[in-house]
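Working notes for the structure below.
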Amino acid sequence: MHSIIIFASGAGSNAQAIINYLKQHPIGKVSLIVCNKPNAGVLDIAAVENIPTLIIDKTSFNDTTFITTLAQHQPSLIVLAGFLWKIPGGVVQFFSNKIINIHPSLLPKYGGKNMYGQRVHQAVIAANEKTSGITIHYVNEVYDEGEIIVQAHCSVRADDTPETLSQRIHQLEHFYFPRTLHFLLEHYKS
């Protein structure tokens with residue numbers, strides 16, 4: 001069974017969607033949740049699901065022992081599910097082609113530093129885009145510029161607010177993210 005590490009900073013709805021999916025399709029197991037906010041909702045999910053957690057700060061995140069800690073779990077994939085810090089180059093290199101991220105826009109549009117959550121949806125609406133969506137991609141050393149794995153689209157409605165658009169984007173995320181992980185794990189090459 002594949003080991004999956006999830007990095008998350010917030011409520012953890014994508015982490016929960018992945019955990020729930022894996023209960024029904026046991027191709028892998030979440031072996032660790034890494035979080036940079038000690039009061040994040042994802043930690044409550046980890047407690048309920050009995051998944052070990054690791055709380056990090058900027059110092060521990062950039063320390064070489066962090067790679068060792070992650071490697072002990074022998075992850076097939078490291079999944080960024082609403083994790084807002086840029087992954088250190090050493091981690092990206094050590095786990096090359098094993099780190100994936102989900103972004104709430106159709107990259108390359110509306111990506112990069114400080115483009116996350118409601119900021120993305122506000123920018124999409126302000127630009128009068130007719131379509132938005134999600135991008136699941138590999139992580140490299142540059143924010144949101146790794147190779148795209150899959151994109152899913154939804155309409156942007158004339159009366160959309162960032163909140164209403166966000167709800168449809170979340171539906172796409174919760175459906176496509178676990179299934180993309182499943183596909184990647186089925187075709188995993190160590």
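Each chain in the structure tokens gets a letter, A, B and so on, in the order shown; residues start at 1 in every chain, and ligands are counted from 1 in the order they appear.
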With a cut-off of 8 Å, could you pull out the residues of range 85-119 of chain A touching range 164-178 of chain A and give me the nearest pair of atoms for each, distance in Å to one decimal, using only C-alpha atoms, ordered by chain and ascending number, as JSON lines?
{"residue": "A:Ile102", "atom": "CA", "partner": "A:Phe177", "partner_atom": "CA", "distance": 7.4}
{"residue": "A:Pro104", "atom": "CA", "partner": "A:Ile169", "partner_atom": "CA", "distance": 6.5}
{"residue": "A:Gly117", "atom": "CA", "partner": "A:Ser166", "partner_atom": "CA", "distance": 7.8}
{"residue": "A:Gln118", "atom": "CA", "partner": "A:Ser166", "partner_atom": "CA", "distance": 7.2}
Can I get the selected residues back with all heavy atoms, as a CSV table (one decimal), in the first residue's frame?
chain,number,residue,atom,x,y,z
A,102,ILE,N,-2.5,21.2,-5.7
A,102,ILE,CA,-3.8,21.6,-6.4
A,102,ILE,C,-3.9,23.1,-6.3
A,102,ILE,O,-3.6,23.7,-5.2
A,102,ILE,CB,-5.0,20.9,-5.8
A,102,ILE,CG1,-6.2,21.1,-6.7
A,102,ILE,CG2,-5.2,21.3,-4.3
A,102,ILE,CD1,-7.4,20.2,-6.4
A,104,PRO,N,-6.4,26.6,-7.4
A,104,PRO,CA,-7.8,26.9,-7.7
A,104,PRO,C,-8.0,27.8,-8.9
A,104,PRO,O,-8.8,28.8,-8.9
A,104,PRO,CB,-8.4,27.5,-6.5
A,104,PRO,CG,-7.2,28.3,-5.9
A,104,PRO,CD,-6.0,27.4,-6.2
A,117,GLY,N,-6.6,30.8,-2.7
A,117,GLY,CA,-7.9,31.0,-2.2
A,117,GLY,C,-8.8,32.1,-2.8
A,117,GLY,O,-8.8,32.2,-4.1
A,118,GLN,N,-9.4,32.9,-2.0
A,118,GLN,CA,-10.3,34.0,-2.5
A,118,GLN,C,-9.6,35.0,-3.4
A,118,GLN,O,-10.2,35.6,-4.2
A,118,GLN,CB,-11.0,34.7,-1.3
A,118,GLN,CG,-11.8,33.8,-0.4
A,118,GLN,CD,-13.0,33.2,-1.1
A,118,GLN,OE1,-12.9,32.3,-2.0
A,118,GLN,NE2,-14.2,33.7,-0.9
Distance query Cys154 in chain A at most 7 Å, only C-alpha atoms, self and fewer than 6 positions along chain excluded, as a list in words =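 Here the answer would be Thr131, Ser132 and Gly133 of chain A.
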Export all heavy atoms of the chosen residues as a PDB file, in the first residue's frame?
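Result file follows (part33.pdb):
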ATOM      1  N   THR A 131     -14.508  31.264 -17.783  1.00  0.00           N
ATOM      2  CA  THR A 131     -14.205  29.915 -17.304  1.00  0.00           C
ATOM      3  C   THR A 131     -13.128  29.999 -16.229  1.00  0.00           C
ATOM      4  O   THR A 131     -12.202  30.798 -16.323  1.00  0.00           O
ATOM      5  CB  THR A 131     -13.680  29.033 -18.462  1.00  0.00           C
ATOM      6  OG1 THR A 131     -14.633  29.046 -19.515  1.00  0.00           O
ATOM      7  CG2 THR A 131     -13.457  27.607 -18.023  1.00  0.00           C
ATOM      8  N   SER A 132     -13.282  29.161 -15.231  1.00  0.00           N
ATOM      9  CA  SER A 132     -12.231  28.979 -14.231  1.00  0.00           C
ATOM     10  C   SER A 132     -12.102  27.481 -14.001  1.00  0.00           C
ATOM     11  O   SER A 132     -12.595  26.687 -14.797  1.00  0.00           O
ATOM     12  CB  SER A 132     -12.555  29.731 -12.932  1.00  0.00           C
ATOM     13  OG  SER A 132     -11.420  29.710 -12.076  1.00  0.00           O
ATOM     14  N   GLY A 133     -11.433  27.098 -12.931  1.00  0.00           N
ATOM     15  CA  GLY A 133     -11.284  25.673 -12.672  1.00  0.00           C
ATOM     16  C   GLY A 133     -10.147  25.394 -11.723  1.00  0.00           C
ATOM     17  O   GLY A 133      -9.749  26.255 -10.930  1.00  0.00           O
TER      18      GLY A 133
END
Skip Asn128 in chain A itself and residues of its chain fewer than 2 positions away, then list as a PDB file with C-alpha atoms, in the first residue's frame all residues within 12 Å of it, counting only C-alpha atoms.
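Output saved as out-v1.pdb:
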ATOM      1  CA  HIS A 121     -11.415  33.942  -7.379  1.00  0.00           C
ATOM      2  CA  GLN A 122     -11.468  37.732  -6.985  1.00  0.00           C
ATOM      3  CA  ALA A 123      -8.905  38.087  -9.790  1.00  0.00           C
ATOM      4  CA  VAL A 124     -10.809  35.704 -12.080  1.00  0.00           C
ATOM      5  CA  ILE A 125     -14.070  37.624 -11.583  1.00  0.00           C
ATOM      6  CA  ALA A 126     -12.369  41.031 -11.916  1.00  0.00           C
ATOM      7  CA  LYS A 130     -15.929  33.071 -18.559  1.00  0.00           C
ATOM      8  CA  THR A 131     -14.205  29.915 -17.304  1.00  0.00           C
ATOM      9  CA  SER A 132     -12.231  28.979 -14.231  1.00  0.00           C
ATOM     10  CA  SER A 155     -18.212  28.337 -15.787  1.00  0.00           C
ATOM     11  CA  VAL A 156     -17.864  31.744 -14.218  1.00  0.00           C
ATOM     12  CA  ARG A 157     -21.366  33.156 -13.959  1.00  0.00           C
ATOM     13  CA  ALA A 158     -22.248  36.821 -14.390  1.00  0.00           C
ATOM     14  CA  ASP A 159     -23.553  36.987 -10.807  1.00  0.00           C
ATOM     15  CA  ASP A 160     -20.651  35.084  -9.224  1.00  0.00           C
ATOM     16  CA  THR A 161     -18.949  36.333  -6.103  1.00  0.00           C
TER      17      THR A 161
END
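Residues with any atom within 12 Å of Ser13 in chain A, counting only C-alpha atoms and excluding same-chain neighbours fewer than 3 positions away, are Ile6, Ala8, Ser9, Gly10, Gln16, Ala17, Ile18, Ile19, Asn20, Ala40, Gly41, Val42, Leu43, Asp44, Ile45, Ala46, Ala81, Gly82, Phe83, Gln167, His170, Gln171, Glu173, His174, Phe175, Phe177 and Pro178 of chain A.
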Can I get the selected residues back with N, CA, C and O atoms, as a CSV table (one decimal), in the first residue's frame?
chain,number,residue,atom,x,y,z
A,6,ILE,N,0.4,14.4,3.4
A,6,ILE,CA,-0.4,15.6,3.0
A,6,ILE,C,0.1,16.8,3.8
A,6,ILE,O,0.3,16.7,5.0
A,8,ALA,N,-0.9,20.6,4.6
A,8,ALA,CA,-2.1,21.5,4.6
A,8,ALA,C,-1.9,22.6,5.6
A,8,ALA,O,-1.2,22.4,6.6
A,9,SER,N,-2.6,23.7,5.3
A,9,SER,CA,-2.5,24.9,6.2
A,9,SER,C,-3.8,25.3,6.8
A,9,SER,O,-3.9,26.2,7.7
A,10,GLY,N,-4.9,24.8,6.3
A,10,GLY,CA,-6.2,25.3,6.7
A,10,GLY,C,-7.2,24.3,7.2
A,10,GLY,O,-6.8,23.4,8.0
A,16,GLN,N,-9.6,15.8,3.8
A,16,GLN,CA,-10.7,14.9,4.2
A,16,GLN,C,-11.2,14.2,3.0
A,16,GLN,O,-11.5,13.0,3.0
A,17,ALA,N,-11.4,14.9,1.8
A,17,ALA,CA,-11.8,14.2,0.6
A,17,ALA,C,-10.9,13.1,0.2
A,17,ALA,O,-11.4,12.0,-0.2
A,18,ILE,N,-9.6,13.3,0.3
A,18,ILE,CA,-8.6,12.3,0.0
A,18,ILE,C,-8.7,11.1,0.9
A,18,ILE,O,-8.8,9.9,0.5
A,19,ILE,N,-8.8,11.4,2.2
A,19,ILE,CA,-8.9,10.3,3.2
A,19,ILE,C,-10.2,9.5,3.0
A,19,ILE,O,-10.2,8.3,3.0
A,20,ASN,N,-11.3,10.2,2.8
A,20,ASN,CA,-12.6,9.5,2.5
A,20,ASN,C,-12.5,8.6,1.3
A,20,ASN,O,-13.0,7.5,1.3
A,40,ALA,N,-4.9,24.8,12.9
A,40,ALA,CA,-5.6,24.6,11.6
A,40,ALA,C,-6.6,23.4,11.8
A,40,ALA,O,-6.4,22.4,12.5
A,41,GLY,N,-7.7,23.5,11.1
A,41,GLY,CA,-8.7,22.5,11.1
A,41,GLY,C,-8.3,21.1,10.7
A,41,GLY,O,-8.8,20.1,11.1
A,42,VAL,N,-7.3,21.1,9.8
A,42,VAL,CA,-6.8,19.8,9.3
A,42,VAL,C,-6.2,19.0,10.4
A,42,VAL,O,-6.3,17.7,10.4
A,43,LEU,N,-5.8,19.6,11.5
A,43,LEU,CA,-5.3,18.8,12.6
A,43,LEU,C,-6.4,18.1,13.4
A,43,LEU,O,-6.2,17.0,13.9
A,44,ASP,N,-7.6,18.7,13.4
A,44,ASP,CA,-8.7,18.1,14.0
A,44,ASP,C,-9.1,16.8,13.2
A,44,ASP,O,-9.4,15.8,13.7
A,45,ILE,N,-9.0,17.0,11.8
A,45,ILE,CA,-9.3,15.8,11.0
A,45,ILE,C,-8.3,14.7,11.2
A,45,ILE,O,-8.6,13.5,11.4
A,46,ALA,N,-7.0,15.1,11.3
A,46,ALA,CA,-6.0,14.1,11.6
A,46,ALA,C,-6.3,13.3,12.9
A,46,ALA,O,-6.1,12.1,13.0
A,81,ALA,N,-2.3,20.2,-0.1
A,81,ALA,CA,-3.7,20.4,-0.2
A,81,ALA,C,-4.1,21.6,0.6
A,81,ALA,O,-4.4,21.6,1.8
A,82,GLY,N,-3.8,22.8,0.0
A,82,GLY,CA,-4.1,24.0,0.7
A,82,GLY,C,-2.9,24.4,1.6
A,82,GLY,O,-3.1,24.9,2.6
A,83,PHE,N,-1.7,24.1,1.1
A,83,PHE,CA,-0.5,24.4,1.9
A,83,PHE,C,0.1,25.7,1.2
A,83,PHE,O,0.4,25.7,0.0
A,167,GLN,N,-17.2,27.8,-4.1
A,167,GLN,CA,-18.0,26.6,-3.8
A,167,GLN,C,-17.9,25.7,-5.0
A,167,GLN,O,-17.7,24.5,-4.8
A,170,HIS,N,-14.4,24.2,-5.2
A,170,HIS,CA,-14.2,23.1,-4.1
A,170,HIS,C,-14.8,21.8,-4.6
A,170,HIS,O,-14.3,20.7,-4.4
A,171,GLN,N,-16.0,21.9,-5.3
A,171,GLN,CA,-16.6,20.7,-5.8
A,171,GLN,C,-15.6,20.0,-6.8
A,171,GLN,O,-15.5,18.7,-6.7
A,173,GLU,N,-12.4,20.3,-6.9
A,173,GLU,CA,-11.2,19.8,-6.1
A,173,GLU,C,-11.5,18.5,-5.4
A,173,GLU,O,-10.7,17.5,-5.5
A,174,HIS,N,-12.6,18.4,-4.7
A,174,HIS,CA,-13.0,17.3,-3.9
A,174,HIS,C,-13.2,16.0,-4.8
A,174,HIS,O,-13.0,14.9,-4.4
A,175,PHE,N,-13.7,16.3,-6.1
A,175,PHE,CA,-13.9,15.2,-7.0
A,175,PHE,C,-12.6,14.7,-7.7
A,175,PHE,O,-12.2,13.6,-7.7
A,177,PHE,N,-9.2,15.7,-7.2
A,177,PHE,CA,-7.9,15.5,-6.5
A,177,PHE,C,-7.8,14.0,-6.1
A,177,PHE,O,-6.7,13.4,-6.4
A,178,PRO,N,-8.7,13.4,-5.3
A,178,PRO,CA,-8.5,12.0,-4.9
A,178,PRO,C,-8.4,11.1,-6.1
A,178,PRO,O,-7.5,10.1,-6.1
Leaving out range 61-69 of chain A and any residue of its chain fewer than 5 positions from it, which residues lie within 8 Å of it when counting only C-alpha atoms, given as JSON, numbers by chain?
-> {"A": [56, 88, 90, 91, 94]}
Could the residues in this selection be saved with N, CA, C and O atoms as a PDB file, in the first residue's frame?
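Contents of again.pdb, as written:
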ATOM      1  N   ILE A  56       5.144  22.284  11.811  1.00  0.00           N
ATOM      2  CA  ILE A  56       6.434  22.852  11.432  1.00  0.00           C
ATOM      3  C   ILE A  56       6.394  24.372  11.540  1.00  0.00           C
ATOM      4  O   ILE A  56       5.340  24.987  11.487  1.00  0.00           O
ATOM      5  N   PRO A  88      10.851  24.034   0.027  1.00  0.00           N
ATOM      6  CA  PRO A  88      12.298  24.256  -0.164  1.00  0.00           C
ATOM      7  C   PRO A  88      12.852  23.413  -1.314  1.00  0.00           C
ATOM      8  O   PRO A  88      12.431  22.273  -1.530  1.00  0.00           O
ATOM      9  N   GLY A  90      15.566  21.787  -1.657  1.00  0.00           N
ATOM     10  CA  GLY A  90      16.112  20.489  -1.256  1.00  0.00           C
ATOM     11  C   GLY A  90      15.040  19.413  -1.156  1.00  0.00           C
ATOM     12  O   GLY A  90      15.257  18.256  -1.537  1.00  0.00           O
ATOM     13  N   VAL A  91      13.870  19.782  -0.659  1.00  0.00           N
ATOM     14  CA  VAL A  91      12.749  18.838  -0.557  1.00  0.00           C
ATOM     15  C   VAL A  91      12.249  18.496  -1.957  1.00  0.00           C
ATOM     16  O   VAL A  91      12.007  17.326  -2.277  1.00  0.00           O
ATOM     17  N   PHE A  94      14.820  16.150  -3.559  1.00  0.00           N
ATOM     18  CA  PHE A  94      14.869  14.823  -2.944  1.00  0.00           C
ATOM     19  C   PHE A  94      13.651  13.989  -3.353  1.00  0.00           C
ATOM     20  O   PHE A  94      13.760  12.789  -3.581  1.00  0.00           O
TER      21      PHE A  94
END
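One finds CA of Tyr21 in chain A at 17.7 Å from CA of Ala47 in chain A.
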Could you tell me how far CA of Lys113 in chain A lies from CA of Leu32 in chain A, in Å and to one decimal?
->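 That distance, rounded to one decimal, is 25.7 Å.
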Which polymer residues have any atom within 9 Å of an atom of Lys86 in chain A, counting only C-alpha atoms, with same-chain residues fewer than 5 positions away left out, as a PyMOL selection string?
-> chain A and resi 113+141-143
Generate a file of the selected residues that holds all heavy atoms, formatted as a compact mmCIF listing (two decimals), in the first residue's frame.
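To be explicit, this is the file written out as out_8.txt:
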# COMPACT_ATOMS: atom_id res chain seq x y z
N LYS A 113 3.13 33.50 -6.46
CA LYS A 113 3.17 33.91 -5.06
C LYS A 113 1.96 34.80 -4.73
O LYS A 113 1.59 35.68 -5.51
CB LYS A 113 4.47 34.66 -4.78
CG LYS A 113 4.68 34.96 -3.32
CD LYS A 113 6.05 35.58 -3.06
CE LYS A 113 6.20 35.80 -1.56
NZ LYS A 113 7.50 36.30 -1.21
N GLU A 141 10.64 24.20 -8.32
CA GLU A 141 11.17 25.27 -7.48
C GLU A 141 10.46 26.61 -7.66
O GLU A 141 10.73 27.55 -6.94
CB GLU A 141 12.68 25.45 -7.73
CG GLU A 141 13.56 24.36 -7.13
CD GLU A 141 13.71 23.14 -8.03
OE1 GLU A 141 13.10 23.11 -9.12
OE2 GLU A 141 14.40 22.19 -7.64
N VAL A 142 9.53 26.72 -8.61
CA VAL A 142 8.84 27.97 -8.87
C VAL A 142 7.35 27.78 -8.58
O VAL A 142 6.75 26.80 -9.02
CB VAL A 142 9.04 28.42 -10.34
CG1 VAL A 142 8.37 29.75 -10.60
CG2 VAL A 142 10.53 28.49 -10.68
N TYR A 143 6.76 28.74 -7.84
CA TYR A 143 5.34 28.66 -7.52
C TYR A 143 4.48 28.36 -8.74
O TYR A 143 4.53 29.09 -9.74
CB TYR A 143 4.84 30.02 -6.97
CG TYR A 143 4.97 30.22 -5.48
CD1 TYR A 143 5.80 31.22 -4.99
CD2 TYR A 143 4.24 29.46 -4.57
CE1 TYR A 143 5.91 31.44 -3.62
CE2 TYR A 143 4.34 29.67 -3.22
CZ TYR A 143 5.17 30.66 -2.73
OH TYR A 143 5.27 30.87 -1.39
For Lys29 in chain A, work out the shell of residues within 9 Å, counting only C-alpha atoms and skipping chain neighbours fewer than 5 positions away, then give it as a list in words.
-> Met1, His2, Ser3, Ile4, Ile5, Ile19, Leu22 and Lys23 of chain A
A:Gly112, A:Arg179, A:Tyr138, A:Leu106: which is nearest Gln151 in chain A, counting only C-alpha atoms?
->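 Looking at the shortest contact to Gln151 in chain A, the residue is A:Leu106.
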Find the distance between CA of Ile55 in chain A and CA of His73 in chain A and write it in Å to one decimal.
-> 15.6 Å
Could you pull out the alpha helix (DSSP H) residues of range 35-178 of chain A from DSSP and send them as a VMD selection string?
-> chain A and resid 41 to 49 58 to 61 64 to 71 89 to 94 117 to 126 162 to 178
Of the listed residues A:His103, A:Ile87, A:Leu70, A:Leu80, that which approaches Lys58 in chain A most closely, counting only C-alpha atoms =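 Among the listed residues, A:Ile87 lies closest to Lys58 in chain A.
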So which residues of range 81-168 of chain A fall under strand (DSSP E) by DSSP, listed as a PyMOL selection string?
-> chain A and resi 99-103+131-138+148-155
Saved selection, atoms kept: C-alpha atoms, as a CSV table (one decimal), in the first residue's frame:
chain,number,residue,atom,x,y,z
A,99,ILE,CA,5.1,16.3,-4.9
A,100,ILE,CA,1.8,17.4,-6.3
A,101,ASN,CA,-0.2,20.5,-5.7
A,102,ILE,CA,-3.8,21.6,-6.4
A,103,HIS,CA,-4.4,25.2,-7.4
A,131,THR,CA,-14.2,29.9,-17.3
A,132,SER,CA,-12.2,29.0,-14.2
A,133,GLY,CA,-11.3,25.7,-12.7
A,134,ILE,CA,-8.5,23.8,-11.0
A,135,THR,CA,-5.1,22.6,-11.9
A,136,ILE,CA,-3.3,19.6,-10.3
A,137,HIS,CA,0.4,19.8,-11.1
A,138,TYR,CA,3.8,18.6,-10.0
A,148,ILE,CA,0.4,20.1,-15.3
A,149,ILE,CA,-1.2,16.7,-14.6
A,150,VAL,CA,-4.9,17.6,-15.0
A,151,GLN,CA,-7.2,20.5,-15.2
A,152,ALA,CA,-11.0,20.7,-14.7
A,153,HIS,CA,-13.2,23.6,-15.8
A,154,CYS,CA,-16.3,25.3,-14.6
A,155,SER,CA,-18.2,28.3,-15.8
Looking at A:Asn114, A:Ala127, A:Gly146, A:Asn50, which one is nearest to Val92 in chain A, with distances taken over only C-alpha atoms?
->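 The answer is A:Gly146, which sits nearest to Val92 in chain A.
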Nearest to Leu54 in chain A by atom-to-atom distance, counting only C-alpha atoms, from A:Tyr188, A:Phe7, A:Trp85, A:Phe95 |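 Of A:Tyr188, A:Phe7, A:Trp85, A:Phe95, the one nearest Leu54 in chain A, counting only C-alpha atoms, is A:Phe7.
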